[in-house]
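entry-v5.txt (compact mmCIF, C-alpha atoms)
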# COMPACT_ATOMS: atom_id res chain seq x y z
CA MET U 1 21.30 20.74 4.71
CA PRO U 2 24.09 18.52 6.04
CA SER U 3 27.03 17.91 3.76
CA THR U 4 27.19 14.85 1.50
CA THR U 5 29.77 13.34 3.84
CA ARG U 6 27.48 13.65 6.83
CA ARG U 7 24.58 12.23 4.83
CA ARG U 8 26.67 9.22 3.92
CA SER U 9 27.62 8.76 7.57
CA ALA U 10 23.94 8.74 8.44
CA ALA U 11 23.27 6.14 5.77
CA LEU U 12 26.07 4.01 7.16
CA SER U 13 24.68 4.19 10.68
CA ILE U 14 21.24 3.24 9.43
CA ALA U 15 22.77 0.23 7.70
CA ALA U 16 24.51 -0.75 10.94
CA ALA U 17 27.83 -0.45 9.13
CA LEU U 18 29.45 2.00 11.54
CA THR U 19 31.53 0.81 14.44
CA ALA U 20 30.48 1.53 18.00
CA ALA U 21 33.09 4.26 18.18
CA ALA U 22 31.75 5.98 15.09
CA LEU U 23 28.22 5.76 16.39
CA ALA U 24 29.28 7.54 19.54
CA GLY U 25 29.75 10.65 17.42
CA CYS U 26 26.18 10.46 16.10
CA GLY U 27 24.19 10.57 19.35
CA GLY U 28 24.21 7.91 22.08
CA GLY U 29 27.01 9.43 24.10
CA GLY U 30 25.79 13.02 23.77
CA PRO U 31 25.62 15.72 26.42
CA ASP U 32 25.24 14.48 29.97
CA ASP U 33 22.58 15.50 32.44
CA SER U 34 24.70 17.81 34.50
CA GLY U 35 21.63 19.85 35.37
CA ALA U 36 19.71 16.91 36.82
CA GLU U 37 19.63 16.11 40.49
CA GLY U 38 21.80 13.17 41.35
CA SER U 39 24.16 13.95 38.46
CA GLY U 40 26.25 16.55 40.18
CA GLY U 41 23.91 19.44 39.26
CA SER U 42 22.06 21.91 41.46
CA GLY U 43 18.54 21.73 40.02
CA PRO U 44 16.08 19.70 38.00
CA ALA U 45 16.60 18.92 34.34
CA LYS U 46 14.05 20.92 32.35
CA LEU U 47 12.91 19.21 29.16
CA THR U 48 10.78 20.51 26.31
CA TYR U 49 8.62 18.03 24.40
CA TRP U 50 7.07 18.84 21.03
CA ALA U 51 4.01 16.65 20.52
CA TRP U 52 0.62 16.70 18.82
CA ALA U 53 -1.27 13.86 20.53
CA PRO U 54 -4.34 15.17 22.40
CA GLY U 55 -4.09 15.40 26.17
CA MET U 56 -0.32 14.94 26.29
CA ASP U 57 -0.02 17.69 28.90
CA LYS U 58 -2.22 15.65 31.24
CA VAL U 59 -0.08 12.55 30.73
CA VAL U 60 3.12 14.49 31.33
CA ALA U 61 1.64 15.93 34.53
CA LEU U 62 1.73 12.39 35.96
CA TRP U 63 5.46 12.24 35.30
CA ASN U 64 6.17 15.68 36.73
CA LYS U 65 4.28 14.82 39.91
CA GLU U 66 6.51 11.81 40.58
CA HIS U 67 9.80 13.11 39.12
CA PRO U 68 10.69 16.52 40.55
CA ASP U 69 14.27 16.11 39.29
CA ILE U 70 13.21 15.94 35.62
CA ARG U 71 10.55 18.44 34.60
CA VAL U 72 8.89 18.10 31.20
CA THR U 73 6.96 20.85 29.43
CA VAL U 74 4.75 19.97 26.45
CA LYS U 75 4.52 22.38 23.53
CA LYS U 76 1.63 21.40 21.24
CA GLN U 77 2.55 21.12 17.55
CA ALA U 78 1.03 20.31 14.21
CA SER U 79 1.66 16.77 12.99
CA GLY U 80 3.01 15.29 9.77
CA ASP U 81 5.25 17.18 7.38
CA ASP U 82 4.66 20.48 9.20
CA LEU U 83 6.35 19.17 12.33
CA VAL U 84 9.20 17.59 10.37
CA THR U 85 9.91 20.91 8.64
CA LYS U 86 9.77 22.78 11.94
CA ILE U 87 12.10 20.40 13.74
CA LEU U 88 14.61 20.45 10.88
CA THR U 89 14.62 24.25 10.94
CA ALA U 90 15.07 24.33 14.71
CA ALA U 91 17.88 21.77 14.58
CA LYS U 92 19.80 23.81 12.01
CA ALA U 93 19.78 26.68 14.50
CA HIS U 94 20.68 24.24 17.33
CA GLU U 95 17.39 25.11 19.00
CA ALA U 96 15.57 21.79 18.75
CA PRO U 97 13.51 20.68 21.76
CA ASP U 98 14.72 17.85 23.97
CA LEU U 99 12.02 15.47 22.76
CA VAL U 100 9.78 15.24 19.74
CA GLN U 101 6.84 13.06 18.76
CA ALA U 102 7.94 11.72 15.38
CA GLU U 103 6.06 9.43 13.03
CA TYR U 104 7.89 6.25 12.07
CA GLN U 105 8.30 7.30 8.45
CA ALA U 106 9.89 10.61 9.54
CA LEU U 107 12.74 8.98 11.49
CA PRO U 108 15.13 8.43 8.55
CA THR U 109 14.71 12.07 7.47
CA LEU U 110 15.54 13.26 10.98
CA VAL U 111 18.41 10.79 11.36
CA SER U 112 20.00 11.66 8.03
CA SER U 113 19.84 15.33 9.01
CA ASP U 114 21.60 14.57 12.32
CA VAL U 115 18.62 15.67 14.40
CA LEU U 116 18.12 12.61 16.62
CA ALA U 117 20.30 11.08 19.29
CA ASP U 118 21.14 7.39 19.29
CA LEU U 119 19.61 6.00 22.49
CA SER U 120 21.07 2.51 22.25
CA GLY U 121 23.46 3.25 25.11
CA GLU U 122 20.72 4.30 27.52
CA GLU U 123 19.82 1.48 29.91
CA PRO U 124 16.06 2.18 30.12
CA VAL U 125 15.83 2.10 26.33
CA LYS U 126 17.79 -1.15 26.14
CA GLU U 127 15.31 -2.74 28.53
CA ALA U 128 12.34 -1.38 26.57
CA GLU U 129 12.87 -3.47 23.43
CA LYS U 130 11.08 -6.50 24.86
CA GLU U 131 7.92 -4.43 25.34
CA PHE U 132 7.28 -4.13 21.59
CA ALA U 133 6.59 -6.39 18.64
CA PRO U 134 9.77 -6.99 16.59
CA GLY U 135 8.30 -5.36 13.49
CA VAL U 136 7.52 -2.22 15.47
CA TRP U 137 10.91 -2.04 17.22
CA GLN U 138 12.67 -2.45 13.88
CA GLN U 139 11.14 0.80 12.72
CA VAL U 140 12.94 2.78 15.44
CA THR U 141 16.30 1.11 14.81
CA LEU U 142 16.08 1.45 11.02
CA GLY U 143 17.61 -2.01 10.83
CA SER U 144 20.78 -0.90 12.62
CA ASP U 145 22.32 -1.30 16.07
CA ALA U 146 21.24 2.23 16.91
CA VAL U 147 17.93 3.17 18.54
CA TYR U 148 16.55 6.52 17.43
CA ALA U 149 13.26 6.62 19.34
CA VAL U 150 10.91 4.68 21.59
CA PRO U 151 7.68 3.46 19.91
CA GLN U 152 4.59 5.25 21.18
CA ASP U 153 1.56 4.18 19.18
CA SER U 154 1.06 1.90 16.22
CA GLY U 155 -1.45 1.34 13.45
CA PRO U 156 -1.74 -2.36 12.63
CA MET U 157 -3.96 -2.79 9.59
CA MET U 158 -7.23 -4.71 9.56
CA PHE U 159 -10.28 -5.38 7.45
CA TYR U 160 -13.54 -3.69 8.44
CA TYR U 161 -16.86 -4.77 6.99
CA ARG U 162 -20.58 -4.25 7.44
CA GLU U 163 -21.54 -7.44 9.21
CA ASP U 164 -25.25 -6.99 8.47
CA LEU U 165 -24.76 -6.39 4.74
CA PHE U 166 -22.30 -9.27 4.36
CA GLU U 167 -25.01 -11.48 5.83
CA GLN U 168 -27.70 -9.93 3.66
CA TYR U 169 -25.77 -10.59 0.44
CA GLY U 170 -24.41 -13.97 1.50
CA LEU U 171 -20.77 -12.85 1.48
CA ASP U 172 -17.96 -14.56 3.36
CA VAL U 173 -15.24 -12.55 5.04
CA PRO U 174 -12.23 -12.93 2.71
CA GLU U 175 -9.15 -14.59 4.15
CA THR U 176 -6.97 -14.06 1.07
CA TRP U 177 -6.68 -11.21 -1.42
CA ALA U 178 -7.92 -13.54 -4.15
CA GLU U 179 -11.06 -14.11 -2.09
CA PHE U 180 -11.28 -10.36 -1.53
CA ALA U 181 -11.36 -9.78 -5.30
CA ASP U 182 -14.00 -12.50 -5.75
CA THR U 183 -16.08 -10.96 -2.97
CA ALA U 184 -15.90 -7.55 -4.65
CA ARG U 185 -17.09 -9.03 -7.94
CA GLU U 186 -19.83 -11.08 -6.28
CA LEU U 187 -21.23 -8.01 -4.55
CA ARG U 188 -21.27 -6.04 -7.81
CA LYS U 189 -23.32 -8.82 -9.41
CA LYS U 190 -25.79 -9.01 -6.54
CA ALA U 191 -26.02 -5.26 -5.90
CA PRO U 192 -24.51 -3.23 -8.77
CA GLU U 193 -25.09 0.03 -6.92
CA LYS U 194 -22.84 -1.06 -4.06
CA ALA U 195 -19.07 -1.49 -3.85
CA LEU U 196 -17.03 -3.60 -1.46
CA THR U 197 -14.60 -0.70 -1.02
CA THR U 198 -12.72 2.01 -2.90
CA PHE U 199 -9.10 2.52 -3.85
CA SER U 200 -8.05 5.89 -2.52
CA ALA U 201 -4.95 7.81 -3.60
CA ASN U 202 -5.22 10.69 -1.13
CA ASP U 203 -3.53 8.91 1.78
CA PRO U 204 -0.29 7.13 0.76
CA GLY U 205 -0.09 5.43 4.16
CA LEU U 206 -2.73 2.94 3.08
CA PHE U 207 -0.81 1.76 0.03
CA ALA U 208 2.48 1.81 1.96
CA GLY U 209 1.00 -0.46 4.61
CA LEU U 210 -0.39 -2.86 2.02
CA ALA U 211 3.00 -3.01 0.30
CA GLN U 212 4.63 -3.60 3.68
CA GLN U 213 2.33 -6.55 4.29
CA ALA U 214 3.33 -7.96 0.90
CA GLY U 215 7.00 -7.80 1.86
CA ALA U 216 8.05 -4.52 0.24
CA ARG U 217 11.09 -2.68 1.59
CA TRP U 218 10.88 0.72 -0.05
CA TRP U 219 14.19 2.02 1.29
CA THR U 220 17.24 0.02 2.31
CA THR U 221 20.95 0.78 2.45
CA THR U 222 23.89 -0.84 0.70
CA GLY U 223 27.20 0.34 2.11
CA GLU U 224 27.07 4.12 1.91
CA GLN U 225 24.20 4.20 -0.55
CA TRP U 226 20.44 4.13 -0.39
CA LYS U 227 18.57 1.58 -2.45
CA VAL U 228 14.98 2.34 -3.44
CA GLY U 229 12.67 -0.64 -3.87
CA ILE U 230 9.27 0.98 -4.34
CA ASP U 231 8.82 -0.60 -7.76
CA ASP U 232 9.82 -4.09 -6.61
CA ALA U 233 7.97 -7.38 -6.99
CA ALA U 234 5.95 -6.88 -3.79
CA GLY U 235 4.96 -3.34 -4.70
CA ARG U 236 4.00 -4.33 -8.24
CA LYS U 237 1.88 -7.17 -6.88
CA VAL U 238 -0.12 -4.75 -4.76
CA ALA U 239 -0.34 -2.12 -7.51
CA ASP U 240 -1.45 -4.60 -10.16
CA PHE U 241 -4.02 -6.13 -7.81
CA TRP U 242 -5.74 -2.87 -6.97
CA GLY U 243 -5.28 -1.41 -10.43
CA GLY U 244 -7.00 -4.44 -11.92
CA LEU U 245 -9.95 -4.15 -9.54
CA VAL U 246 -10.35 -0.45 -10.29
CA GLU U 247 -10.08 -0.97 -14.04
CA GLU U 248 -12.78 -3.63 -14.11
CA GLY U 249 -15.00 -1.65 -11.77
CA ALA U 250 -15.02 -4.28 -9.02
CA VAL U 251 -14.13 -1.57 -6.48
CA GLY U 252 -14.59 2.18 -6.53
CA ASN U 253 -11.95 4.79 -7.31
CA GLN U 254 -13.09 7.66 -5.10
CA PRO U 255 -10.80 9.19 -2.43
CA MET U 256 -11.37 8.72 1.28
CA TYR U 257 -12.36 11.34 3.84
CA THR U 258 -14.63 13.29 1.48
CA PRO U 259 -18.34 14.01 2.04
CA ALA U 260 -19.13 11.53 -0.74
CA TRP U 261 -17.02 8.84 0.92
CA ASN U 262 -18.65 9.48 4.28
CA LYS U 263 -22.08 9.19 2.69
CA ALA U 264 -21.16 5.89 1.01
CA LEU U 265 -20.07 4.43 4.34
CA ASN U 266 -23.11 5.76 6.14
CA ASP U 267 -25.76 4.61 3.64
CA GLY U 268 -24.16 1.25 2.86
CA SER U 269 -23.03 2.05 -0.69
CA GLN U 270 -19.53 1.01 0.45
CA ILE U 271 -19.67 -1.98 2.76
CA ALA U 272 -16.03 -2.54 3.70
CA TRP U 273 -12.86 -0.59 4.40
CA VAL U 274 -9.23 -1.70 4.56
CA SER U 275 -7.95 0.41 7.42
CA ALA U 276 -6.07 0.30 10.74
CA VAL U 277 -6.84 -0.05 14.42
CA TRP U 278 -7.87 3.61 14.66
CA ALA U 279 -10.74 3.14 12.17
CA PRO U 280 -13.54 3.13 14.81
CA GLY U 281 -12.87 6.79 15.54
CA VAL U 282 -13.19 7.67 11.85
CA LEU U 283 -16.34 5.61 11.39
CA THR U 284 -17.94 7.27 14.41
CA THR U 285 -17.96 10.61 12.60
CA ALA U 286 -18.07 9.43 8.97
CA ALA U 287 -20.87 6.88 9.32
CA PRO U 288 -22.76 7.65 12.55
CA ASP U 289 -25.90 5.77 11.49
CA THR U 290 -24.01 2.46 11.27
CA LYS U 291 -22.97 2.06 14.89
CA GLY U 292 -22.94 -1.58 15.94
CA LYS U 293 -23.15 -2.82 12.33
CA TRP U 294 -19.43 -3.14 11.58
CA ALA U 295 -17.00 -5.92 12.44
CA MET U 296 -13.24 -6.20 12.25
CA ALA U 297 -11.14 -9.10 10.93
CA PRO U 298 -7.48 -9.64 9.98
CA LEU U 299 -6.30 -8.35 6.62
CA PRO U 300 -6.66 -10.83 3.77
CA GLN U 301 -3.38 -12.64 3.09
CA TRP U 302 -1.51 -13.14 -0.15
CA SER U 303 -1.19 -16.88 0.45
CA PRO U 304 -3.42 -19.17 2.52
CA GLY U 305 -2.02 -19.74 5.97
CA GLU U 306 0.06 -16.57 6.11
CA ASN U 307 -0.37 -14.30 9.10
CA ARG U 308 1.02 -10.84 8.46
CA THR U 309 -0.25 -7.29 8.52
CA GLY U 310 1.02 -3.90 7.50
CA SER U 311 1.13 -0.70 9.49
CA TRP U 312 -0.70 2.54 8.74
CA GLY U 313 0.22 5.37 11.05
CA GLY U 314 1.85 5.49 14.43
CA SER U 315 4.49 7.60 16.11
CA THR U 316 7.46 7.52 18.46
CA THR U 317 9.13 9.61 21.13
CA ALA U 318 12.61 10.68 20.03
CA VAL U 319 15.40 12.59 21.78
CA THR U 320 17.27 15.24 19.84
CA ARG U 321 21.01 15.75 19.64
CA ASP U 322 20.51 19.35 20.78
CA SER U 323 19.22 18.18 24.14
CA GLU U 324 21.55 18.92 27.03
CA HIS U 325 19.80 16.22 29.05
CA GLN U 326 19.70 13.20 26.76
CA GLN U 327 19.85 10.67 29.59
CA ALA U 328 16.92 12.28 31.40
CA ALA U 329 15.01 12.61 28.12
CA ALA U 330 15.57 8.92 27.35
CA GLU U 331 14.29 8.03 30.82
CA PHE U 332 11.12 10.05 30.24
CA ALA U 333 10.58 8.67 26.72
CA THR U 334 10.81 5.13 28.06
CA TRP U 335 8.43 5.84 30.94
CA LEU U 336 5.92 7.50 28.63
CA ASN U 337 5.69 4.46 26.37
CA THR U 338 6.13 1.52 28.77
CA ASP U 339 4.84 2.52 32.20
CA PRO U 340 1.33 1.11 32.80
CA GLU U 341 0.00 4.33 34.31
CA ALA U 342 1.43 6.42 31.48
CA LEU U 343 0.07 4.08 28.82
CA ALA U 344 -3.38 4.06 30.39
CA ALA U 345 -3.32 7.85 30.37
CA LEU U 346 -2.20 7.93 26.72
CA VAL U 347 -5.16 5.76 25.78
CA ARG U 348 -7.58 7.70 27.97
CA GLU U 349 -6.43 11.24 27.13
CA GLY U 350 -5.01 10.82 23.64
CA GLY U 351 -7.10 8.00 22.23
CA ILE U 352 -4.02 6.26 20.90
CA TYR U 353 -3.42 2.56 20.33
CA PRO U 354 -0.21 1.92 22.31
CA ALA U 355 2.72 0.24 20.64
CA ALA U 356 3.63 -1.57 23.88
CA THR U 357 2.09 -5.03 23.58
CA ALA U 358 1.20 -5.30 27.27
CA ALA U 359 -1.06 -2.26 26.99
CA GLN U 360 -3.00 -3.41 23.93
CA THR U 361 -5.55 -5.33 25.99
CA GLY U 362 -7.02 -4.80 29.44
CA GLY U 363 -7.11 -1.56 31.36
CA ALA U 364 -8.34 1.30 29.19
CA LEU U 365 -8.71 -1.15 26.31
CA SER U 366 -10.62 -3.80 28.22
CA GLU U 367 -13.83 -2.83 26.43
CA ALA U 368 -14.41 -2.59 22.71
CA PRO U 369 -14.82 0.86 21.13
CA GLY U 370 -18.38 2.07 21.58
CA PHE U 371 -18.93 1.93 17.83
CA PHE U 372 -18.03 -1.78 17.93
CA SER U 373 -20.02 -2.81 20.98
CA ASN U 374 -21.21 -5.79 18.92
CA GLN U 375 -17.61 -7.11 18.90
CA PRO U 376 -16.55 -7.29 22.56
CA ASP U 377 -13.24 -8.98 21.73
CA PHE U 378 -12.21 -6.12 19.43
CA TYR U 379 -9.00 -5.24 21.27
CA THR U 380 -8.10 -8.85 22.02
CA GLU U 381 -8.28 -9.58 18.30
CA ALA U 382 -6.43 -6.34 17.49
CA ALA U 383 -3.59 -7.26 19.84
CA GLU U 384 -3.11 -10.60 18.11
CA ILE U 385 -3.06 -8.88 14.74
CA ALA U 386 -0.58 -6.28 15.97
CA LYS U 387 1.92 -9.02 16.83
CA THR U 388 2.11 -9.93 13.14
CA THR U 389 3.15 -6.47 11.93
CA ALA U 390 5.71 -6.79 9.14
CA PRO U 391 8.92 -4.72 9.32
CA GLY U 392 8.77 -1.28 7.77
CA ALA U 393 11.54 0.32 5.72
CA TRP U 394 11.52 4.10 5.49
CA GLY U 395 13.94 6.51 3.86
CA PRO U 396 15.01 10.16 4.11
CA ASN U 397 12.54 11.49 1.52
CA VAL U 398 9.23 9.85 2.36
CA ASN U 399 7.51 13.18 1.74
CA VAL U 400 8.66 13.15 -1.90
CA ALA U 401 7.55 9.56 -2.43
CA TYR U 402 4.17 10.27 -0.84
CA SER U 403 3.68 13.38 -2.98
CA ALA U 404 4.51 11.36 -6.11
CA PHE U 405 2.02 8.70 -5.00
CA ARG U 406 -0.81 11.22 -4.65
CA ASP U 407 0.00 12.66 -8.06
CA ARG U 408 0.57 9.48 -10.07
CA PHE U 409 -1.87 7.15 -8.37
CA GLY U 410 -4.48 9.88 -8.10
CA LYS U 411 -4.41 10.26 -11.87
CA ALA U 412 -4.30 6.50 -12.49
CA ALA U 413 -7.25 5.84 -10.15
CA LYS U 414 -9.33 8.59 -11.73
CA GLU U 415 -8.56 7.43 -15.27
CA LYS U 416 -8.56 3.71 -14.40
CA SER U 417 -5.16 3.46 -16.05
CA ASP U 418 -2.01 1.43 -15.35
CA PHE U 419 -1.12 1.38 -11.65
CA GLY U 420 2.19 -0.29 -12.51
CA ALA U 421 3.27 2.74 -14.50
CA ALA U 422 2.27 4.96 -11.57
CA LEU U 423 4.41 2.89 -9.21
CA ALA U 424 7.42 3.10 -11.54
CA ALA U 425 7.00 6.89 -11.78
CA MET U 426 6.80 7.10 -8.00
CA GLU U 427 10.14 5.30 -7.69
CA ARG U 428 11.78 7.48 -10.34
CA ALA U 429 10.69 10.64 -8.52
CA THR U 430 12.05 9.29 -5.25
CA VAL U 431 15.42 8.30 -6.71
CA THR U 432 15.78 11.61 -8.53
CA ASP U 433 15.17 13.52 -5.32
CA LEU U 434 17.69 11.45 -3.35
CA LYS U 435 20.38 12.18 -5.93
CA LYS U 436 19.42 15.85 -5.98
CA GLN U 437 19.89 16.04 -2.21
CA GLY U 438 23.35 14.50 -2.47
CA PHE U 439 22.64 10.99 -1.28
CA GLY U 440 24.39 8.07 -2.91
CA VAL U 441 21.88 5.78 -4.61
CA ALA U 442 22.60 2.15 -5.47
CA GLY U 443 21.31 0.66 -8.70

Can the structure from this file be put into structure tokens for me?
Amino acid sequence: MPSTTRRRSAALSIAAALTAAALAGCGGGGPDDSGAEGSGGSGPAKLTYWAWAPGMDKVVALWNKEHPDIRVTVKKQASGDDLVTKILTAAKAHEAPDLVQAEYQALPTLVSSDVLADLSGEEPVKEAEKEFAPGVWQQVTLGSDAVYAVPQDSGPMMFYYREDLFEQYGLDVPETWAEFADTARELRKKAPEKALTTFSANDPGLFAGLAQQAGARWWTTTGEQWKVGIDDAAGRKVADFWGGLVEEGAVGNQPMYTPAWNKALNDGSQIAWVSAVWAPGVLTTAAPDTKGKWAMAPLPQWSPGENRTGSWGGSTTAVTRDSEHQQAAAEFATWLNTDPEALAALVREGGIYPAATAAQTGGALSEAPGFFSNQPDFYTEAAEIAKTTAPGAWGPNVNVAYSAFRDRFGKAAKEKSDFGAALAAMERATVTDLKKQGFGVAG
């Protein structure tokens, strides 16, 4: 683990409180590309890229074909916490790869452990900012002047519903969360054996995205200290809303991704799902008999006329401080996530939803997912929704917060007890862990 002093320096950089000179010691101006052609070296720069997205080797082959001076080798990895643990271990031994596919919520953990280079001084990365929605770009800067990664894919959240069953039961697609609650109650009255949806506590990303839409900022920095705002007004609003629906039985309380959940989606016992742009892939396997019966709409809003969504999932391409070729790595990371040919290959080979706005319609996404052939404008609508992604705010111990969510909210959902108390416990666990690790915590 880095020392407390280094942790505080990381917190300062995340808060954009360090001067440009101080930032130079935390990445940005790292090792040059002396091994790359054209930089005074005698051979190509050889980069290693840890990634988990399917087909990444085929995408990288396009780069290697056109860039003999910068050769990239993909090493397939597990995703999520497993990769974070592995990269932290490698970095401690100064054996981290040049590049790593990192989820947005993992960036603060990697930054605070001095794993990632600041790319704000790299010209290709500077030019890349305009290719992404502001709310997405903010997640790779952590609200600072630094840039710790280039966005790769994103998960704007949406509302999915069985179009045929909404028509059958005379239900309107809810535009606000109040209408959503009324719709859930109306369905229960008309068809008690059916539920609009379920509240699931086995994937914290769903709740995090809903809180993000409501304006929550779970981690921020004040000077040299972290401030945790999980149990803030926005978070409580979301927790109380869903807790109330679960308690009264207006929605279910069963976890997602189970055989029972799949069956409910497939047989119409659950007729809607709050999810993200990647939902068609899940529905294809979870509810195969319902192809062509679903439709997608924007998330309900907290106030009429608002236009904001949260984010559930998504990853970036980051360059590590251990890389001896940071400039070359930054060039590749930018190409991978902004070049039209690369983006088309990412969609085709990896099935991702690109974070670059120009790639969210047309090309490989010119046709709706096969499961949504009844909604030909699926990706056009999704691109408009993606533009409204609210800023995210992640911290260095997301894994602890997520674990506390599964524990506390899992129990509350099962018992139909106070979600507000679960949220408060989640914040306490997060704050306790930050202090235990040596971080300064405000408030």

Contacts between region 222-242 of chain U and region 96-164 of chain U, please, where a residue of region 96-164 of chain U counts if it comes within 12 Å (with only C-alpha atoms); show its shortest atom pair and distance in Å to one decimal, rows by chain and ascending number, as JSON lines.
{"residue": "U:Pro108", "atom": "CA", "partner": "U:Trp226", "partner_atom": "CA", "distance": 11.3}
{"residue": "U:Ser112", "atom": "CA", "partner": "U:Trp226", "partner_atom": "CA", "distance": 11.3}
{"residue": "U:Gly143", "atom": "CA", "partner": "U:Thr222", "partner_atom": "CA", "distance": 12.0}

Enumerate, in order of chain and increasing residue number, the residues of region 289-363 of chain U with an atom no farther than 9 Å from region 381-386 of chain U, each with its shortest atom pair and distance in Å to one decimal, counting only C-alpha atoms, as a Markdown table.
| residue | atom | partner | partner_atom | distance |
| --- | --- | --- | --- | --- |
| U:Met296 | CA | U:Glu381 | CA | 8.5 |
| U:Ala297 | CA | U:Glu381 | CA | 7.9 |
| U:Pro298 | CA | U:Ile385 | CA | 6.5 |
| U:Leu299 | CA | U:Ile385 | CA | 8.8 |
| U:Asn307 | CA | U:Ile385 | CA | 8.3 |
| U:Arg308 | CA | U:Ile385 | CA | 7.7 |
| U:Thr309 | CA | U:Ile385 | CA | 7.0 |
| U:Gly310 | CA | U:Ala386 | CA | 8.9 |
| U:Ser311 | CA | U:Ala386 | CA | 8.7 |
| U:Ala355 | CA | U:Ala386 | CA | 8.7 |
| U:Thr357 | CA | U:Ala383 | CA | 7.2 |
| U:Gln360 | CA | U:Ala383 | CA | 5.6 |
| U:Thr361 | CA | U:Ala383 | CA | 6.7 |

Margin query: What's around Tyr148 (chain U) at 8 Å? Count only C-alpha atoms, leave out sequence neighbours fewer than 5 positions away in its own chain, and write the answer as number ranges by chain.
Written below: U: 107, 111, 116-120, 140-141, 318-319

Next item on the list: Please write as a PyMOL selection string the list of polymer residues whose atoms come within 12 Å of (11.6, 4.2, 29.6), counting all atoms listed in the file and keeping to the coordinates of the file.
Entry: chain U and resi 63+119+122-131+149-152+317-318+327-340+342-343+356

Notebook entry, point to check: Which neighbours of Gly410 (chain U) fall inside 9 Å, counting all atoms listed in the file, when residues of the same chain fewer than 2 positions from it are skipped, and could you give them as an NGL selection string?
Noted result: :U and (200-202 or 255 or 405-408 or 412-415)

Check: With all atoms listed in the file as the basis for distance, which of U:Tyr104, U:Trp52, U:Tyr160, U:Trp177 is at the shortest distance from Gly314 (chain U)?
Finding: U:Tyr104

Check: Which distance in Å separates CA of Thr258 (chain U) and CA of Glu103 (chain U), to one decimal?
Finding: 24.0 Å

Margin query: Considering all atoms listed in the file, can you say which of U:Gly252, U:Pro54, U:Gly243, U:Gly370 comes closest to Arg188 (chain U)?
Written below: U:Gly252

Checklist line | Separation of CA of Ala208 (chain U) from CA of Thr430 (chain U), in Å and rounded to one decimal | finding: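 Between CA of Ala208 (chain U) and CA of Thr430 (chain U) the gap works out to 14.1 Å.
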
With all atoms listed in the file counted and 9 Å as the cut-off, give the residues of region 86-204 of chain U in contact with region 268-289 of chain U, each with its shortest interatomic distance in Å and the pair that gives it, as CSV.
residue,atom,partner,partner_atom,distance
U:Ser154,CA,U:Val277,CA,8.3
U:Gly155,CA,U:Ala276,CA,5.5
U:Pro156,CA,U:Ala276,CA,5.4
U:Met157,CA,U:Ala276,CA,3.9
U:Met158,CA,U:Ala276,CA,5.3
U:Phe159,CA,U:Val274,CA,4.8
U:Tyr160,CA,U:Trp273,CA,5.1
U:Tyr161,CA,U:Ala272,CA,4.1
U:Arg162,CA,U:Ile271,CA,5.3
U:Glu163,CA,U:Ile271,CA,8.7
U:Leu165,CA,U:Ile271,CA,7.0
U:Phe166,CA,U:Ile271,CA,7.9
U:Glu193,CA,U:Ser269,CA,6.9
U:Lys194,CA,U:Ser269,CA,4.6
U:Ala195,CA,U:Gln270,CA,5.0
U:Leu196,CA,U:Ile271,CA,5.2
U:Thr197,CA,U:Ala272,CA,5.3
U:Thr198,CA,U:Gln270,CA,7.7

Margin query: Could you tell me how far CA of Leu62 (chain U) sits from CA of Gly351 (chain U), in Å to one decimal place?
Written below: 16.9 Å

Next item on the list: Go through U:Gly363, U:Lys416, U:Thr388, U:Pro376 one by one, measure the shortest atom-to-atom distance of each to Gly249 (chain U) using only C-alpha atoms, and give the residue with the smallest value.
Entry: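 Going through U:Gly363, U:Lys416, U:Thr388, U:Pro376 one by one, the smallest distance to Gly249 (chain U) is for U:Lys416.
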
Take every atom of region 310-318 of chain U listed in the file, pad by 5 Å on each side, and give me the axis-aligned box centre and edge lengths in Å, one decimal, as AutoDock Vina command-line options.
--center_x 6.0 --center_y 3.4 --center_z 14.3 --size_x 23.3 --size_y 24.6 --size_z 23.6

Next item on the list: Write out as a ChimeraX atom specification which residues come within 9 Å of Thr320 (chain U) when counting all atoms listed in the file, dropping same-chain ones fewer than 2 positions away.
Entry: /U:27,91,96-100,114-118,318,322-323,326,329
